[in-house]
Structure formats: structure tokens, C-alpha cells
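Listing of my_file-v9.json, JSON, C-alpha atoms
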```
[["chain", "number", "residue", "atom", "x", "y", "z"],
["A", 12, "MET", "CA", 0.00, 0.00, 0.00],
["A", 13, "THR", "CA", 1.05, 3.59, -0.53],
["A", 14, "GLU", "CA", 1.48, 6.04, 2.34],
["A", 15, "VAL", "CA", -1.80, 7.75, 1.48],
["A", 16, "GLU", "CA", -3.65, 4.43, 1.35],
["A", 17, "LEU", "CA", -2.33, 3.52, 4.79],
["A", 18, "LYS", "CA", -3.36, 6.94, 6.11],
["A", 19, "ARG", "CA", -6.87, 6.24, 4.81],
["A", 20, "VAL", "CA", -6.85, 2.89, 6.61],
["A", 21, "ALA", "CA", -5.80, 4.61, 9.86],
["A", 22, "ASN", "CA", -8.59, 7.14, 9.41],
["A", 23, "ARG", "CA", -11.20, 4.41, 8.89],
["A", 24, "ILE", "CA", -9.88, 2.61, 11.97],
["A", 25, "ARG", "CA", -10.38, 5.80, 13.99],
["A", 26, "GLN", "CA", -13.92, 6.27, 12.70],
["A", 27, "ASP", "CA", -14.75, 2.69, 13.66],
["A", 28, "ILE", "CA", -13.28, 3.21, 17.14],
["A", 29, "ILE", "CA", -15.58, 6.17, 17.73],
["A", 30, "GLU", "CA", -18.63, 4.40, 16.35],
["A", 31, "MET", "CA", -18.16, 1.23, 18.38],
["A", 32, "LEU", "CA", -17.42, 3.06, 21.63],
["A", 33, "ALA", "CA", -20.45, 5.32, 21.18],
["A", 34, "ALA", "CA", -22.62, 2.24, 20.57],
["A", 35, "ALA", "CA", -21.18, 0.45, 23.60],
["A", 36, "LYS", "CA", -21.33, 3.58, 25.79],
["A", 37, "SER", "CA", -18.08, 2.42, 27.40],
["A", 38, "GLY", "CA", -14.49, 1.69, 26.50],
["A", 39, "HIS", "CA", -11.13, 3.35, 25.97],
["A", 40, "PRO", "CA", -10.79, 5.88, 23.14],
["A", 41, "GLY", "CA", -7.52, 7.66, 24.01],
["A", 42, "GLY", "CA", -5.04, 4.82, 23.71],
["A", 43, "SER", "CA", -6.98, 3.23, 20.86],
["A", 44, "LEU", "CA", -6.89, 6.36, 18.69],
["A", 45, "SER", "CA", -3.17, 6.87, 19.38],
["A", 46, "ALA", "CA", -2.26, 3.51, 17.83],
["A", 47, "ALA", "CA", -4.19, 3.69, 14.54],
["A", 48, "GLU", "CA", -1.18, 4.23, 12.27],
["A", 49, "ILE", "CA", 0.79, 1.52, 14.05],
["A", 50, "LEU", "CA", -1.98, -1.05, 13.50],
["A", 51, "ALA", "CA", -2.54, 0.11, 9.91],
["A", 52, "CYS", "CA", 1.13, -0.45, 9.10],
["A", 53, "LEU", "CA", 1.23, -3.83, 10.82],
["A", 54, "TYR", "CA", -1.96, -5.33, 9.42],
["A", 55, "PHE", "CA", -1.84, -3.86, 5.93],
["A", 56, "GLN", "CA", 1.88, -3.81, 5.13],
["A", 57, "GLU", "CA", 4.18, -5.43, 7.62],
["A", 58, "MET", "CA", 2.65, -8.66, 8.88],
["A", 59, "ARG", "CA", 2.30, -11.92, 6.97],
["A", 60, "LEU", "CA", -1.35, -12.91, 7.39],
["A", 61, "ARG", "CA", -4.21, -14.92, 5.95],
["A", 62, "PRO", "CA", -7.50, -13.47, 7.26],
["A", 63, "ALA", "CA", -9.41, -16.44, 5.83],
["A", 64, "GLU", "CA", -7.15, -18.71, 7.92],
["A", 65, "PRO", "CA", -6.78, -16.92, 11.28],
["A", 66, "ARG", "CA", -4.79, -19.83, 12.75],
["A", 67, "TRP", "CA", -2.48, -20.32, 9.77],
["A", 68, "PRO", "CA", 0.68, -21.73, 11.43],
["A", 69, "GLU", "CA", 3.09, -19.60, 9.39],
["A", 70, "ARG", "CA", 1.38, -16.28, 10.18],
["A", 71, "ASP", "CA", 3.05, -13.45, 12.02],
["A", 72, "ARG", "CA", 1.67, -12.96, 15.52],
["A", 73, "PHE", "CA", 0.42, -9.80, 17.26],
["A", 74, "VAL", "CA", -0.09, -9.30, 20.99],
["A", 75, "LEU", "CA", -1.99, -6.25, 22.22],
["A", 76, "CYS", "CA", -0.33, -6.00, 25.61],
["A", 77, "LYS", "CA", -2.49, -3.01, 26.61],
["A", 78, "GLY", "CA", -5.67, -5.01, 26.17],
["A", 79, "HIS", "CA", -7.99, -2.14, 27.10],
["A", 80, "ALA", "CA", -7.17, -0.65, 23.66],
["A", 81, "ALA", "CA", -9.06, -3.55, 22.07],
["A", 82, "PRO", "CA", -11.14, -1.21, 19.84],
["A", 83, "VAL", "CA", -8.12, -0.37, 17.68],
["A", 84, "LEU", "CA", -7.34, -4.07, 17.23],
["A", 85, "TYR", "CA", -10.96, -4.96, 16.44],
["A", 86, "ALA", "CA", -11.21, -2.14, 13.92],
["A", 87, "ALA", "CA", -8.00, -3.27, 12.20],
["A", 88, "LEU", "CA", -9.16, -6.90, 12.11],
["A", 89, "ALA", "CA", -12.53, -5.96, 10.62],
["A", 90, "GLU", "CA", -10.89, -3.69, 8.06],
["A", 91, "ARG", "CA", -8.49, -6.51, 7.12],
["A", 92, "GLY", "CA", -11.37, -8.93, 6.62],
["A", 93, "TYR", "CA", -11.27, -11.22, 9.65],
["A", 94, "PHE", "CA", -14.96, -10.62, 10.36],
["A", 95, "PRO", "CA", -17.74, -8.33, 9.07],
["A", 96, "ARG", "CA", -17.45, -4.70, 10.05],
["A", 97, "GLU", "CA", -21.03, -4.73, 11.39],
["A", 98, "ARG", "CA", -19.85, -6.92, 14.27],
["A", 99, "LEU", "CA", -17.92, -3.92, 15.65],
["A", 100, "LEU", "CA", -21.16, -2.43, 16.95],
["A", 101, "GLU", "CA", -21.53, -5.44, 19.27],
["A", 102, "LEU", "CA", -18.55, -4.26, 21.34],
["A", 103, "ARG", "CA", -18.86, -5.07, 25.05],
["A", 104, "ARG", "CA", -22.31, -6.63, 24.77],
["A", 105, "THR", "CA", -22.87, -9.61, 27.04],
["A", 106, "GLY", "CA", -22.15, -12.80, 25.11],
["A", 107, "ALA", "CA", -20.93, -10.94, 22.01],
["A", 108, "MET", "CA", -17.75, -11.81, 20.13],
["A", 109, "LEU", "CA", -15.97, -8.52, 20.88],
["A", 110, "GLN", "CA", -15.44, -8.11, 24.58],
["A", 111, "GLY", "CA", -13.77, -5.21, 26.39],
["A", 112, "HIS", "CA", -10.43, -7.01, 26.21],
["A", 113, "PRO", "CA", -9.21, -9.34, 23.44],
["A", 114, "ASP", "CA", -10.25, -12.99, 23.66],
["A", 115, "MET", "CA", -8.20, -15.42, 21.57],
["A", 116, "LYS", "CA", -10.81, -18.15, 21.96],
["A", 117, "GLY", "CA", -13.73, -16.09, 20.69],
["A", 118, "THR", "CA", -12.40, -13.56, 18.17],
["A", 119, "PRO", "CA", -10.83, -14.48, 14.80],
["A", 120, "GLY", "CA", -7.38, -12.91, 14.42],
["A", 121, "VAL", "CA", -6.67, -12.44, 18.13],
["A", 122, "ASP", "CA", -3.47, -14.31, 19.00],
["A", 123, "MET", "CA", -3.45, -13.69, 22.75],
["A", 124, "SER", "CA", -6.04, -12.87, 25.41],
["A", 125, "THR", "CA", -4.81, -9.75, 27.20],
["A", 126, "GLY", "CA", -5.94, -7.20, 29.72],
["A", 127, "SER", "CA", -3.82, -7.65, 32.83],
["A", 128, "LEU", "CA", -1.12, -5.09, 32.16],
["A", 129, "GLY", "CA", 2.46, -6.31, 32.16],
["A", 130, "GLN", "CA", 1.81, -9.84, 30.93],
["A", 131, "GLY", "CA", 1.65, -9.34, 27.16],
["A", 132, "LEU", "CA", 5.36, -9.06, 26.45],
["A", 133, "SER", "CA", 5.96, -12.35, 28.28],
["A", 134, "ALA", "CA", 3.43, -14.07, 26.02],
["A", 135, "ALA", "CA", 4.95, -12.48, 22.92],
["A", 136, "SER", "CA", 8.43, -13.56, 24.01],
["A", 137, "GLY", "CA", 7.17, -17.11, 24.47],
["A", 138, "MET", "CA", 5.70, -17.11, 20.97],
["A", 139, "ALA", "CA", 8.96, -15.81, 19.53],
["A", 140, "LEU", "CA", 11.00, -18.42, 21.43],
["A", 141, "ALA", "CA", 8.65, -21.16, 20.21],
["A", 142, "GLY", "CA", 9.20, -19.99, 16.66],
["A", 143, "LYS", "CA", 12.96, -20.24, 17.13],
["A", 144, "LEU", "CA", 12.73, -23.71, 18.67],
["A", 145, "ASP", "CA", 10.41, -24.94, 15.92],
["A", 146, "GLY", "CA", 12.55, -23.51, 13.12],
["A", 147, "LYS", "CA", 9.75, -21.20, 11.94],
["A", 148, "ASP", "CA", 10.34, -17.83, 10.30],
["A", 149, "TYR", "CA", 7.25, -16.02, 11.57],
["A", 150, "ARG", "CA", 7.67, -12.77, 13.46],
["A", 151, "VAL", "CA", 5.97, -11.60, 16.64],
["A", 152, "TYR", "CA", 4.82, -8.04, 17.33],
["A", 153, "ALA", "CA", 3.72, -6.67, 20.72],
["A", 154, "LEU", "CA", 2.15, -3.28, 21.42],
["A", 155, "LEU", "CA", 2.67, -1.93, 24.95],
["A", 156, "GLY", "CA", 1.38, 1.17, 26.70],
["A", 157, "ASP", "CA", 3.83, 3.56, 28.29],
["A", 158, "GLY", "CA", 2.01, 3.38, 31.61],
["A", 159, "GLU", "CA", 2.30, -0.38, 31.37],
["A", 160, "VAL", "CA", 6.09, -0.36, 31.50],
["A", 161, "ALA", "CA", 5.88, 0.46, 35.21],
["A", 162, "GLU", "CA", 4.99, -3.23, 35.64],
["A", 163, "GLY", "CA", 7.94, -5.34, 36.75],
["A", 164, "GLN", "CA", 6.96, -8.30, 34.58],
["A", 165, "VAL", "CA", 7.62, -6.19, 31.47],
["A", 166, "TRP", "CA", 11.27, -5.97, 32.45],
["A", 167, "GLU", "CA", 11.52, -9.68, 33.28],
["A", 168, "ALA", "CA", 10.22, -10.39, 29.77],
["A", 169, "ALA", "CA", 12.61, -7.83, 28.30],
["A", 170, "MET", "CA", 15.55, -9.50, 30.01],
["A", 171, "ALA", "CA", 14.48, -12.96, 28.85],
["A", 172, "ALA", "CA", 13.88, -11.86, 25.25],
["A", 173, "ALA", "CA", 17.39, -10.42, 25.05],
["A", 174, "HIS", "CA", 18.90, -13.47, 26.77],
["A", 175, "TYR", "CA", 17.38, -15.79, 24.16],
["A", 176, "LYS", "CA", 18.35, -13.44, 21.31],
["A", 177, "LEU", "CA", 14.79, -13.18, 20.02],
["A", 178, "ASP", "CA", 15.45, -11.14, 16.89],
["A", 179, "ASN", "CA", 12.07, -12.32, 15.56],
["A", 180, "LEU", "CA", 10.36, -10.18, 18.24],
["A", 181, "THR", "CA", 9.46, -6.52, 17.76],
["A", 182, "ALA", "CA", 7.81, -4.54, 20.54],
["A", 183, "ILE", "CA", 6.19, -1.18, 19.97],
["A", 184, "LEU", "CA", 5.68, 1.27, 22.82],
["A", 185, "ASP", "CA", 2.69, 3.57, 22.33],
["A", 186, "TRP", "CA", 4.50, 6.49, 23.92],
["A", 187, "ASN", "CA", 1.71, 9.05, 24.41],
["A", 188, "GLY", "CA", 2.74, 10.20, 27.88],
["A", 189, "LEU", "CA", -0.63, 9.69, 29.58],
["A", 190, "GLN", "CA", -2.26, 6.91, 31.59],
["A", 191, "ILE", "CA", -5.51, 6.65, 33.50],
["A", 192, "ASP", "CA", -4.25, 8.57, 36.55],
["A", 193, "GLY", "CA", -2.39, 11.33, 34.69],
["A", 194, "PRO", "CA", 0.95, 11.94, 32.97],
["A", 195, "THR", "CA", 3.20, 8.88, 33.13],
["A", 196, "ALA", "CA", 6.07, 11.11, 34.26],
["A", 197, "SER", "CA", 4.06, 11.99, 37.39],
["A", 198, "VAL", "CA", 2.41, 8.66, 38.14],
["A", 199, "MET", "CA", 5.55, 6.53, 37.75],
["A", 200, "ASN", "CA", 8.37, 8.07, 35.77],
["A", 201, "SER", "CA", 9.91, 5.44, 33.49],
["A", 202, "ALA", "CA", 12.47, 7.76, 31.89],
["A", 203, "PRO", "CA", 14.99, 7.38, 30.37],
["A", 204, "LEU", "CA", 13.26, 4.73, 28.26],
["A", 205, "ALA", "CA", 15.73, 4.35, 25.41],
["A", 206, "GLU", "CA", 18.65, 3.90, 27.78],
["A", 207, "LYS", "CA", 16.74, 1.34, 29.86],
["A", 208, "TRP", "CA", 15.77, -0.83, 26.90],
["A", 209, "ARG", "CA", 19.32, -0.68, 25.54],
["A", 210, "ALA", "CA", 20.65, -1.69, 28.96],
["A", 211, "PHE", "CA", 18.34, -4.71, 28.84],
["A", 212, "GLY", "CA", 19.92, -5.74, 25.54],
["A", 213, "TRP", "CA", 17.36, -4.49, 23.04],
["A", 214, "HIS", "CA", 17.80, -2.82, 19.66],
["A", 215, "VAL", "CA", 16.08, 0.53, 20.22],
["A", 216, "LEU", "CA", 14.51, 2.73, 17.56],
["A", 217, "GLU", "CA", 12.72, 6.02, 18.26],
["A", 218, "VAL", "CA", 10.03, 6.98, 15.77],
["A", 219, "ASP", "CA", 7.03, 9.26, 15.22],
["A", 220, "GLY", "CA", 4.15, 6.85, 15.78],
["A", 221, "HIS", "CA", 1.88, 8.76, 13.39],
["A", 222, "ASP", "CA", 4.37, 8.96, 10.50],
["A", 223, "ILE", "CA", 3.61, 6.08, 8.13],
["A", 224, "THR", "CA", 6.90, 6.31, 6.24],
["A", 225, "ALA", "CA", 8.93, 6.44, 9.44],
["A", 226, "LEU", "CA", 7.05, 3.49, 10.93],
["A", 227, "LEU", "CA", 7.55, 1.30, 7.86],
["A", 228, "ALA", "CA", 11.26, 2.16, 7.79],
["A", 229, "ALA", "CA", 11.56, 1.27, 11.48],
["A", 230, "PHE", "CA", 9.82, -2.08, 10.98],
["A", 231, "ALA", "CA", 12.22, -2.82, 8.12],
["A", 232, "ARG", "CA", 15.20, -2.05, 10.37],
["A", 233, "ALA", "CA", 13.73, -4.33, 13.03],
["A", 234, "ARG", "CA", 13.56, -7.19, 10.51],
["A", 235, "ASP", "CA", 17.24, -6.66, 9.72],
["A", 236, "ALA", "CA", 18.35, -6.72, 13.37],
["A", 237, "GLN", "CA", 20.36, -9.81, 14.26],
["A", 238, "GLY", "CA", 20.75, -11.44, 17.66],
["A", 239, "GLN", "CA", 18.52, -9.14, 19.71],
["A", 240, "PRO", "CA", 14.87, -8.09, 19.93],
["A", 241, "THR", "CA", 13.82, -4.63, 18.77],
["A", 242, "ILE", "CA", 11.60, -2.04, 20.39],
["A", 243, "LEU", "CA", 10.10, 0.93, 18.58],
["A", 244, "LEU", "CA", 9.60, 3.83, 20.98],
["A", 245, "ALA", "CA", 6.73, 5.40, 19.04],
["A", 246, "ARG", "CA", 5.90, 8.97, 20.04],
["A", 247, "THR", "CA", 2.14, 9.36, 19.77],
["A", 248, "VAL", "CA", -0.72, 11.65, 20.80],
["A", 249, "LYS", "CA", -3.39, 10.17, 23.04],
["A", 250, "GLY", "CA", -6.77, 10.64, 21.38],
["A", 251, "LYS", "CA", -5.12, 11.42, 18.04],
["A", 252, "GLY", "CA", -7.44, 12.65, 15.29],
["A", 253, "VAL", "CA", -10.21, 14.02, 17.51],
["A", 254, "SER", "CA", -9.48, 17.59, 18.58],
["A", 255, "PHE", "CA", -11.20, 17.55, 21.97],
["A", 256, "MET", "CA", -9.68, 14.18, 22.92],
["A", 257, "GLU", "CA", -6.05, 14.86, 22.00],
["A", 258, "ASN", "CA", -3.70, 14.90, 25.00],
["A", 259, "GLN", "CA", -6.63, 14.80, 27.42],
["A", 260, "VAL", "CA", -6.21, 12.21, 30.15],
["A", 261, "GLY", "CA", -9.96, 12.21, 30.81],
["A", 262, "TRP", "CA", -10.48, 10.36, 27.53],
["A", 263, "HIS", "CA", -8.41, 7.39, 28.62],
["A", 264, "GLY", "CA", -11.48, 5.36, 29.50],
["A", 265, "ASN", "CA", -14.60, 7.41, 28.78],
["A", 266, "ALA", "CA", -16.78, 6.75, 25.75],
["A", 267, "PRO", "CA", -18.19, 9.71, 23.78],
["A", 268, "ASN", "CA", -21.90, 10.47, 23.99],
["A", 269, "ALA", "CA", -23.95, 10.86, 20.81],
["A", 270, "GLU", "CA", -23.12, 14.55, 20.38],
["A", 271, "GLN", "CA", -19.41, 14.05, 21.01],
["A", 272, "ALA", "CA", -19.31, 11.06, 18.67],
["A", 273, "ALA", "CA", -20.96, 13.11, 15.93],
["A", 274, "GLN", "CA", -18.36, 15.85, 16.32],
["A", 275, "ALA", "CA", -15.49, 13.34, 16.34],
["A", 276, "LEU", "CA", -16.79, 11.59, 13.23],
["A", 277, "GLN", "CA", -17.23, 14.89, 11.43],
["A", 278, "GLU", "CA", -13.59, 15.77, 12.11],
["A", 279, "LEU", "CA", -12.38, 12.37, 10.96],
["A", 280, "ARG", "CA", -14.51, 12.46, 7.81],
["A", 281, "GLU", "CA", -13.14, 15.88, 6.98],
["A", 282, "GLU", "CA", -9.65, 14.45, 7.34],
["A", 283, "ALA", "CA", -10.62, 11.54, 5.08],
["A", 284, "ALA", "CA", -11.82, 14.01, 2.44],
["A", 285, "ARG", "CA", -8.49, 15.83, 2.56],
["A", 286, "LEU", "CA", -6.71, 12.52, 1.98],
["A", 287, "GLY", "CA", -8.79, 12.04, -1.18]]
```
What do you get writing this file as C-alpha cells?
Amino acid sequence: MTEVELKRVANRIRQDIIEMLAAAKSGHPGGSLSAAEILACLYFQEMRLRPAEPRWPERDRFVLCKGHAAPVLYAALAERGYFPRERLLELRRTGAMLQGHPDMKGTPGVDMSTGSLGQGLSAASGMALAGKLDGKDYRVYALLGDGEVAEGQVWEAAMAAAHYKLDNLTAILDWNGLQIDGPTASVMNSAPLAEKWRAFGWHVLEVDGHDITALLAAFARARDAQGQPTILLARTVKGKGVSFMENQVGWHGNAPNAEQAAQALQELREEAARLG
């Protein structure tokens, strides 16, 4: 896909996020909107997939470590053809396929059930190690939140992934600077991030998480890395694409009402028109 085509995909993902959260009247818009370009690049350019065969053994794997951002994953999966887009409006309904956190047993395309912060990178590392042991060439991608890296298990997984030289593992940190309780620097300062990941033995790349070209170049560099896992420290804006949500911590876990959703969708549709 071209850069413009991927930008259009990211825009459609954002529109779907707003629509499903408004229908559900609950959920997490901020950290879902911030990751739209990352998921667009992964699912439409970077990852080797067969949507008609969600469990294809040779597929690349994706773990949404920050499971509360499930809307961005569901929107990407629907856009990629794993299930009909209409199913998005069932988000968070009792007994529905799309729950508030990803469920690998109930949702086509979900490789790992997540939600308890800190555990996702361990699962992704295990998948990557299994690929090495089985002689497979699939890659594993894991998206973490920057509030999540205050969890100790993240660093245990980071140490293990470097120890086992898991160069088939790429982590992406959605580095938007906000978590549910406020700025990450105030709640639990994890700086300096680049230096910490390097000290744990990782190949570290810093990138604009909304720049399609920069993201694709970073993923290519990650594929070329030998003998160590890679992390993309992706600078993003929480609530990206919706003016009144951007950089507002209050939109971490509050769904828009009908009026707010209409305004958000109008802004996103205007952006889509500018993209052509």
C-alpha cells in the first residue's frame, strides 16, 4: 500500500473506534486512537497474514499488551477482513464476540487474550521463542502502553527476550505520555526509556508513531536486526485525530456520547476528504 492508502486505513480505523465506543457507551478511546497508524502499518503492510485462515501456522503474531485498547485491534481486524465490520457495533455486549479485552478463543485474528497489564510481552516472548525452537520464520509483534512499563513483569520479559536473542520479536511502545491517573512522568516516571531498553539488551529505535513512512522504515530495520529483539519507541498523541480528545487524560477510559461522537466523526470524515 502507498502512504496515502495507509493513512486512509488509519482514518477508517479511527472512525470505527468512535462508532463502536459510542454504541457500547463504554471503553477506551484515548489509547486506541493513538495507535491507529501503528496497526494500519502492521496489518496492511508489515505482517504476513491470511485473514481467511486466522490460525495459519506460518502467520506473524500480534499481541496487544495493553488489552484495554481492544477497539483499535478490532477495527484493524474488521478492516483486514477477519470478520464483518457490522460486528464492531456489538462491542462489550454480554455474550458478544468482541469483549472489552481481546479474547483469543472467541475472536478471529486475536493471537493472545490480554488485559492484565504487564503480561503481554511475556506471552509475545514465548511465541517468539517457540518460533525459534520450531525452526519457523514467523515474526511476533507486541504493542505496549507507556504506563504499562511500570509493571515489573515487562522488564523480566525484556531480560528474557534479550537473553534468548529473540530477533524475531518486535515490541512497539505507544508512547503518548498519559495513563488513566495522569501523565506517566508523574504517576511513575519510566524515563529514560531508550537507555533502559538498551541496557536490557534491546535494539532501540525512536520513531514518530503517526508517521507512516517512518514506521515502515523502522519495521524494516527491526527485521534486519540480528541477535537481539527490537523495540520501537513510538511517540504518539493520546486521542489522536479528535481535537477535543487529544492529550486529554480524561479520555483514557470514557466513551463519547452521541453529540461528542458526531463531532469526532465529522472531524475524521473531513480528514478523510483531505486525503482524497
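Residues in contact range of Glu270 of chain A, defined as at most 12 Å between all atoms listed in the file, with sequence neighbours fewer than 5 positions away removed, read A:Ile29, A:Glu30, A:Ala33, A:Ala275, A:Leu276, A:Gln277.
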Those selected residues, please, written with C-alpha atoms and delivered as a CSV table (one decimal), in the coordinates of the input.
```
chain,number,residue,atom,x,y,z
A,29,ILE,CA,-15.6,6.2,17.7
A,30,GLU,CA,-18.6,4.4,16.4
A,33,ALA,CA,-20.4,5.3,21.2
A,275,ALA,CA,-15.5,13.3,16.3
A,276,LEU,CA,-16.8,11.6,13.2
A,277,GLN,CA,-17.2,14.9,11.4
```
With distances taken over all atoms listed in the file, which of A:Gly78, A:Glu101, A:Ala87, A:Ala161 is nearest to Asn22 of chain A?
A:Ala87
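As for atom CA of Glu281 of chain A and atom CA of Val218 of chain A, they are spaced 26.3 Å apart.
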Please indicate the distance in Å from atom CA of Gln259 of chain A to atom CA of Val121 of chain A, rounded to one decimal place.
28.8 Å
Return the single residue from A:Asn265, A:Thr13, A:Ser133, A:Gln26 that is closest to Thr224 of chain A, with distances computed using only C-alpha atoms.
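Going through A:Asn265, A:Thr13, A:Ser133, A:Gln26 one by one, the smallest distance to Thr224 of chain A is for A:Thr13.
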Dump as JSON lines the rows for residues of segment 143-259 of chain A within 9 Å of segment 53-63 of chain A: closest atom pair and distance in Å with one decimal, only C-alpha atoms counted, ordered by chain and rising residue number.
```
{"residue": "A:Tyr149", "atom": "CA", "partner": "A:Arg59", "partner_atom": "CA", "distance": 7.9}
{"residue": "A:Arg150", "atom": "CA", "partner": "A:Met58", "partner_atom": "CA", "distance": 7.9}
{"residue": "A:Val151", "atom": "CA", "partner": "A:Met58", "partner_atom": "CA", "distance": 8.9}
{"residue": "A:Tyr152", "atom": "CA", "partner": "A:Leu53", "partner_atom": "CA", "distance": 8.5}
{"residue": "A:Leu227", "atom": "CA", "partner": "A:Glu57", "partner_atom": "CA", "distance": 7.5}
{"residue": "A:Phe230", "atom": "CA", "partner": "A:Glu57", "partner_atom": "CA", "distance": 7.4}
{"residue": "A:Ala231", "atom": "CA", "partner": "A:Glu57", "partner_atom": "CA", "distance": 8.5}
```
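Excluding Glu278 of chain A itself and any same-chain residue fewer than 5 positions from it, the protein and nucleic acid residues within 9 Å of it, counting all atoms listed in the file, are Gly252, Val253, Ser254, Ala273 and Ala283 of chain A.
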Okay, now the selection with C-alpha atoms, as a compact mmCIF listing (two decimals), keeping the file's coordinate frame?
```txt
# COMPACT_ATOMS: atom_id res chain seq x y z
CA GLY A 252 -7.44 12.65 15.29
CA VAL A 253 -10.21 14.02 17.51
CA SER A 254 -9.48 17.59 18.58
CA ALA A 273 -20.96 13.11 15.93
CA ALA A 283 -10.62 11.54 5.08
```
Non-local contacts of segment 192-199 of chain A (8 Å; all atoms listed in the file; under 5 positions in same chain excluded) as number ranges by chain
A: 157-158, 161, 260
Have a look at atom CA of Gly126 of chain A and atom CA of Gln110 of chain A and let me know their distance in Å, one decimal.
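Separation between atom CA of Gly126 of chain A and atom CA of Gln110 of chain A: 10.8 Å.
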Select, from A:Ala135, A:Val248, A:Leu189, A:Ala266, the residue with the minimum atom-to-atom distance to Gly38 of chain A, counting all atoms listed in the file.
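Between A:Ala135, A:Val248, A:Leu189, A:Ala266, the residue approaching Gly38 of chain A most closely is A:Ala266.
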In terms of only C-alpha atoms, the residue from A:Leu155, A:Glu217, A:Asn179, A:Met115 at minimal distance from Gly137 of chain A is A:Asn179
Can you tell me which residues surround His39 of chain A at a distance of at most 9 Å, considering all atoms listed in the file, apart from same-chain residues fewer than 2 positions away, and format the answer as a list in words?
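That gives Leu32, Ser37, Gly41, Gly42, Ser43, Leu44, His79, Ala80, Ala81, Pro82, Gly111, Trp262, His263, Gly264, Asn265 and Ala266 of chain A.
Among the candidates A:Glu14, A:Asp27, A:Glu90, A:Asp122, the one nearest to Asp71 of chain A when counting only C-alpha atoms is A:Asp122.
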Measuring between all atoms listed in the file, which one of A:Asp222, A:Glu282, A:Asp178, A:Asp148 shows the shortest distance to Arg246 of chain A?
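Answer, going by the shortest atom-to-atom distance: A:Asp222.
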Need the shell around Trp213 of chain A: protein/DNA/RNA residues with any atom at most 10 Å away, counting all atoms listed in the file. Skip same-chain ones fewer than 4 positions apart. Format as a PDB file with C-alpha atoms, in the coordinates of the input?
```pdb
ATOM      1  CA  ALA A 169      12.610  -7.830  28.300  1.00  0.00           C
ATOM      2  CA  MET A 170      15.550  -9.500  30.010  1.00  0.00           C
ATOM      3  CA  ALA A 172      13.880 -11.860  25.250  1.00  0.00           C
ATOM      4  CA  ALA A 173      17.390 -10.420  25.050  1.00  0.00           C
ATOM      5  CA  HIS A 174      18.900 -13.470  26.770  1.00  0.00           C
ATOM      6  CA  LYS A 176      18.350 -13.440  21.310  1.00  0.00           C
ATOM      7  CA  LEU A 177      14.790 -13.180  20.020  1.00  0.00           C
ATOM      8  CA  ASP A 178      15.450 -11.140  16.890  1.00  0.00           C
ATOM      9  CA  THR A 181       9.460  -6.520  17.760  1.00  0.00           C
ATOM     10  CA  ALA A 182       7.810  -4.540  20.540  1.00  0.00           C
ATOM     11  CA  ALA A 205      15.730   4.350  25.410  1.00  0.00           C
ATOM     12  CA  GLU A 206      18.650   3.900  27.780  1.00  0.00           C
ATOM     13  CA  LYS A 207      16.740   1.340  29.860  1.00  0.00           C
ATOM     14  CA  TRP A 208      15.770  -0.830  26.900  1.00  0.00           C
ATOM     15  CA  ARG A 209      19.320  -0.680  25.540  1.00  0.00           C
ATOM     16  CA  ALA A 236      18.350  -6.720  13.370  1.00  0.00           C
ATOM     17  CA  GLY A 238      20.750 -11.440  17.660  1.00  0.00           C
ATOM     18  CA  GLN A 239      18.520  -9.140  19.710  1.00  0.00           C
ATOM     19  CA  PRO A 240      14.870  -8.090  19.930  1.00  0.00           C
ATOM     20  CA  THR A 241      13.820  -4.630  18.770  1.00  0.00           C
ATOM     21  CA  ILE A 242      11.600  -2.040  20.390  1.00  0.00           C
TER      22      ILE A 242
END
```
May I have the centre and edge lengths, in Å to one decimal, of an axis-aligned box around the listed atoms of segment 262-272 of chain A with 4 Å added to every side, as lines of an AutoDock Vina configuration file?
```
center_x = -16.2
center_y = 10.0
center_z = 24.1
size_x = 23.5
size_y = 17.2
size_z = 18.8
```
